[in-house]
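*Asks:* Just so it is clear, I am handing over upload_4.cif, which has mmCIF, C-alpha atoms.
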```
data_start
#
loop_
_atom_site.group_PDB
_atom_site.id
_atom_site.type_symbol
_atom_site.label_atom_id
_atom_site.label_comp_id
_atom_site.auth_asym_id
_atom_site.auth_seq_id
_atom_site.Cartn_x
_atom_site.Cartn_y
_atom_site.Cartn_z
ATOM 1 C CA MET V 1 -19.421 20.422 27.248
ATOM 2 C CA SER V 2 -21.928 17.589 27.196
ATOM 3 C CA ARG V 3 -25.496 17.945 26.041
ATOM 4 C CA MET V 4 -28.111 18.813 28.644
ATOM 5 C CA TRP V 5 -31.478 17.069 28.791
ATOM 6 C CA GLN V 6 -34.911 17.965 30.063
ATOM 7 C CA VAL V 7 -36.186 14.867 31.843
ATOM 8 C CA PHE V 8 -39.761 13.969 32.728
ATOM 9 C CA SER V 9 -39.939 10.826 34.809
ATOM 10 C CA GLY V 10 -42.727 8.570 35.932
ATOM 11 C CA PRO V 11 -42.575 5.924 38.640
ATOM 12 C CA ASP V 12 -40.338 2.876 38.309
ATOM 13 C CA GLU V 13 -43.513 0.752 38.126
ATOM 14 C CA LEU V 14 -43.836 1.824 34.481
ATOM 15 C CA GLU V 15 -40.765 -0.274 33.696
ATOM 16 C CA ALA V 16 -42.713 -3.442 34.541
ATOM 17 C CA LEU V 17 -45.727 -2.689 32.333
ATOM 18 C CA PRO V 18 -45.999 -4.628 29.077
ATOM 19 C CA GLU V 19 -44.776 -2.894 25.918
ATOM 20 C CA ASP V 20 -47.562 -1.067 24.095
ATOM 21 C CA GLY V 21 -45.783 -0.656 20.759
ATOM 22 C CA HIS V 22 -45.052 3.078 21.201
ATOM 23 C CA VAL V 23 -41.721 3.968 19.613
ATOM 24 C CA SER V 24 -40.088 7.366 19.950
ATOM 25 C CA PRO V 25 -36.493 8.540 20.277
ATOM 26 C CA TRP V 26 -37.562 10.583 23.320
ATOM 27 C CA SER V 27 -39.567 7.982 25.265
ATOM 28 C CA PHE V 28 -38.414 5.218 27.529
ATOM 29 C CA PRO V 29 -40.690 3.075 29.718
ATOM 30 C CA SER V 30 -40.594 5.478 32.668
ATOM 31 C CA GLN V 31 -39.039 8.641 31.204
ATOM 32 C CA VAL V 32 -39.105 11.193 28.424
ATOM 33 C CA ARG V 33 -35.702 12.780 27.718
ATOM 34 C CA LEU V 34 -35.591 15.836 25.468
ATOM 35 C CA PRO V 35 -32.484 17.654 24.261
ATOM 36 C CA MET V 36 -32.479 20.876 26.297
ATOM 37 C CA GLU V 37 -32.087 23.126 23.267
ATOM 38 C CA HIS V 38 -35.302 21.689 21.826
ATOM 39 C CA TRP V 39 -37.200 22.039 25.113
ATOM 40 C CA GLU V 40 -36.032 25.670 25.238
ATOM 41 C CA ALA V 41 -37.260 26.170 21.652
ATOM 42 C CA ILE V 42 -40.666 24.785 22.686
ATOM 43 C CA ILE V 43 -40.764 27.188 25.654
ATOM 44 C CA ALA V 44 -39.836 30.096 23.341
ATOM 45 C CA PHE V 45 -42.661 29.057 21.006
ATOM 46 C CA ALA V 46 -45.081 28.984 23.950
ATOM 47 C CA GLN V 47 -43.804 32.412 25.034
ATOM 48 C CA SER V 48 -44.604 33.799 21.578
ATOM 49 C CA ARG V 49 -48.190 32.614 22.046
ATOM 50 C CA ASP V 50 -48.795 33.408 25.714
ATOM 51 C CA ALA V 51 -46.439 34.232 28.602
ATOM 52 C CA ALA V 52 -48.582 32.166 30.993
ATOM 53 C CA GLU V 53 -48.142 29.078 28.787
ATOM 54 C CA ALA V 54 -44.363 29.495 28.853
ATOM 55 C CA ALA V 55 -44.401 30.041 32.615
ATOM 56 C CA LEU V 56 -46.310 26.798 33.132
ATOM 57 C CA LEU V 57 -43.825 24.867 30.964
ATOM 58 C CA GLU V 58 -40.937 26.339 32.952
ATOM 59 C CA GLN V 59 -42.631 25.582 36.277
ATOM 60 C CA VAL V 60 -43.189 21.944 35.399
ATOM 61 C CA SER V 61 -39.625 21.618 34.055
ATOM 62 C CA PHE V 62 -38.136 21.568 37.559
ATOM 63 C CA LEU V 63 -40.450 19.686 39.891
ATOM 64 C CA ASP V 64 -37.550 17.956 41.674
ATOM 65 C CA GLY V 65 -39.866 15.647 43.609
ATOM 66 C CA THR V 66 -42.667 18.151 44.248
ATOM 67 C CA PRO V 67 -45.916 16.652 42.928
ATOM 68 C CA LEU V 68 -48.172 18.828 40.819
ATOM 69 C CA HIS V 69 -51.579 19.801 42.149
ATOM 70 C CA ALA V 70 -54.356 18.079 40.177
ATOM 71 C CA GLU V 71 -55.537 21.383 38.674
ATOM 72 C CA THR V 72 -52.016 22.334 37.513
ATOM 73 C CA GLU V 73 -51.462 18.861 36.127
ATOM 74 C CA ALA V 74 -54.703 19.088 34.123
ATOM 75 C CA ARG V 75 -53.720 22.549 32.773
ATOM 76 C CA PHE V 76 -50.271 21.243 31.829
ATOM 77 C CA LEU V 77 -51.713 18.242 29.993
ATOM 78 C CA LEU V 78 -54.111 20.458 28.067
ATOM 79 C CA LEU V 79 -51.249 22.803 27.198
ATOM 80 C CA LEU V 80 -49.096 19.907 25.940
ATOM 81 C CA GLU V 81 -51.894 18.742 23.664
ATOM 82 C CA THR V 82 -52.617 22.290 22.432
ATOM 83 C CA LEU V 83 -48.957 23.037 21.716
ATOM 84 C CA ALA V 84 -48.431 19.686 19.968
ATOM 85 C CA LYS V 85 -51.100 20.701 17.458
ATOM 86 C CA ALA V 86 -50.040 24.351 17.173
ATOM 87 C CA VAL V 87 -46.328 23.715 16.697
ATOM 88 C CA VAL V 88 -46.935 21.692 13.523
ATOM 89 C CA LEU V 89 -48.470 24.781 11.902
ATOM 90 C CA ALA V 90 -45.755 27.186 13.095
ATOM 91 C CA GLY V 91 -42.536 28.297 11.465
ATOM 92 C CA PRO V 92 -39.481 26.129 12.247
ATOM 93 C CA LEU V 93 -38.573 26.156 15.938
ATOM 94 C CA THR V 94 -35.029 25.024 15.124
ATOM 95 C CA PRO V 95 -34.278 26.127 11.547
ATOM 96 C CA GLU V 96 -31.660 24.342 9.451
ATOM 97 C CA GLY V 97 -29.386 27.408 9.424
ATOM 98 C CA ALA V 98 -29.235 27.635 13.233
ATOM 99 C CA ASP V 99 -25.860 28.043 14.914
ATOM 100 C CA PRO V 100 -24.601 24.474 15.552
ATOM 101 C CA ALA V 101 -23.162 25.605 18.883
ATOM 102 C CA VAL V 102 -26.710 26.435 20.002
ATOM 103 C CA ILE V 103 -28.776 23.886 18.033
ATOM 104 C CA PRO V 104 -26.470 20.982 17.129
ATOM 105 C CA GLU V 105 -29.206 19.095 15.286
ATOM 106 C CA PRO V 106 -32.172 21.085 13.992
ATOM 107 C CA MET V 107 -35.401 19.112 13.846
ATOM 108 C CA PRO V 108 -38.714 19.566 12.085
ATOM 109 C CA ASN V 109 -41.638 20.821 14.120
ATOM 110 C CA THR V 110 -43.238 17.388 13.829
ATOM 111 C CA SER V 111 -40.449 16.158 16.128
ATOM 112 C CA HIS V 112 -41.322 18.872 18.642
ATOM 113 C CA ALA V 113 -44.966 17.840 18.462
ATOM 114 C CA GLU V 114 -43.888 14.255 19.139
ATOM 115 C CA MET V 115 -41.857 15.394 22.152
ATOM 116 C CA LEU V 116 -44.887 17.169 23.608
ATOM 117 C CA SER V 117 -47.124 14.170 22.923
ATOM 118 C CA ASP V 118 -44.589 11.860 24.580
ATOM 119 C CA ILE V 119 -44.683 13.934 27.779
ATOM 120 C CA ALA V 120 -48.501 13.826 27.756
ATOM 121 C CA ARG V 121 -48.415 10.068 27.185
ATOM 122 C CA LEU V 122 -46.032 9.595 30.133
ATOM 123 C CA MET V 123 -48.286 11.706 32.339
ATOM 124 C CA HIS V 124 -51.383 9.680 31.393
ATOM 125 C CA ARG V 125 -49.546 6.412 32.097
ATOM 126 C CA THR V 126 -48.344 7.770 35.445
ATOM 127 C CA GLN V 127 -51.835 9.005 36.379
ATOM 128 C CA ALA V 128 -53.199 5.521 35.647
ATOM 129 C CA LEU V 129 -50.994 4.305 38.505
ATOM 130 C CA GLY V 130 -52.294 7.074 40.779
ATOM 131 C CA MET V 131 -48.923 8.801 40.800
ATOM 132 C CA SER V 132 -47.282 12.024 39.611
ATOM 133 C CA VAL V 133 -44.591 12.822 37.083
ATOM 134 C CA ASP V 134 -41.312 14.339 38.247
ATOM 135 C CA SER V 135 -38.939 16.500 36.210
ATOM 136 C CA TRP V 136 -35.415 17.876 36.248
ATOM 137 C CA VAL V 137 -32.501 18.882 34.045
ATOM 138 C CA ASP V 138 -29.799 16.283 33.528
#
```
Could you render the structure from this file as structure tokens?

*Replies:*
Amino acid sequence: MSRMWQVFSGPDELEALPEDGHVSPWSFPSQVRLPMEHWEAIIAFAQSRDAAEAALLEQVSFLDGTPLHAETEARFLLLLETLAKAVVLAGPLTPEGADPAVIPEPMPNTSHAEMLSDIARLMHRTQALGMSVDSWVD
């Protein structure tokens, strides 16, 4: 079975923008691709804090071409920024002793914070073009 990915995608126009020096294993010019098991760990972390936070993450995970309303987009961005800070202070989301069949490569919470920040960055870049982010599972 191949690895599944949570994908957040901006418009193709992002590909033509000049490089800004941002380097991340999750970010590409017009996409953020997260290993699904890590996105699920982030959702579980959000669930432990607030069911509404987790529900919003799940909702925005599968937009499949449906643009977010401006209010929902603003709430999602705020949540990404809040979780990126909170996750660094939490216990490991993917501990080293995790079952390799479930979590093939455990990562420190700083990596999860980076994933969340990368999604927020993509959304800000997409908003600057007057467009919306899309999302799906690949």

*Asks:* For this file, the PyMOL selection byres ((chain V and resi 8) around 6) selects which residues, as a list of chain:residue names?

*Replies:*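 Taken on the displayed file, the PyMOL selection byres ((chain V and resi 8) around 6) yields the residues V:Val7, V:Ser9, V:Gln31, V:Val32, V:Asp134, V:Ser135.
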
*Asks:* Dump C-alpha atoms for the selected residues as a compact mmCIF listing (two decimals), in the frame of the given file?

*Replies:*
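Saved result, again08.txt, follows:
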```txt
# COMPACT_ATOMS: atom_id res chain seq x y z
CA VAL V 7 -36.19 14.87 31.84
CA SER V 9 -39.94 10.83 34.81
CA GLN V 31 -39.04 8.64 31.20
CA VAL V 32 -39.10 11.19 28.42
CA ASP V 134 -41.31 14.34 38.25
CA SER V 135 -38.94 16.50 36.21
```

*Asks:* Evaluate the PyMOL selection byres ((chain V and resi 58) around 12) against this structure - the residues, as a ChimeraX atom specification, please.

*Replies:* /V:6,39-44,46-47,51-57,59-63,76,135-137

*Asks:* Suppose you want the space between atom CA of V:Pro67 and atom CA of V:Met4; what is it in Å?

*Replies:*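 Distance reported for this atom pair: 22.9 Å.
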
*Asks:* Taking the file as shown, what set of residues would the PyMOL selection byres ((chain V and resi 73) around 10) give back, as a count of residues only?

*Replies:* 18

*Asks:* Need the shell around V:Glu96: protein/DNA/RNA residues with any atom at most 12 Å away, counting all atoms listed in the file. Skip same-chain ones fewer than 6 positions apart. Format as a PyMOL selection string?

*Replies:* chain V and resi 102-109

*Asks:* Could you check which of V:Gly21, V:Pro35, V:Gly65, V:Pro11 is closest to V:Asp138, using all atoms listed in the file?

*Replies:* V:Pro35

*Asks:* Just checking: using all atoms listed in the file, which residue out of V:Glu114, V:Arg3, V:Glu19, V:Met36 ends up closest to V:Glu81?

*Replies:*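 Using all atoms listed in the file, the shortest distance to V:Glu81 belongs to V:Glu114.
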
*Asks:* Interatomic distance between atom CA of V:Leu93 and atom CA of V:Phe45?

*Replies:* 7.1 Å

*Asks:* From the list V:Ala101, V:Leu116, V:Val23, V:Phe28, which residue is nearest V:Ala84 when using only C-alpha atoms?

*Replies:*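 Of the candidates, the smallest distance to V:Ala84 is held by V:Leu116.
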
*Asks:* If I take atom CA of V:Glu37 and atom CA of V:His112, how far is one from the other in Å, to one decimal?

*Replies:*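 Interatomic distance here is 11.2 Å.
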
*Asks:* Considering all atoms listed in the file, can you say which of V:Asp64, V:Arg49, V:His124, V:Asp118 comes closest to V:Val87?

*Replies:*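 Of all the options, V:Arg49 lies closest to V:Val87.
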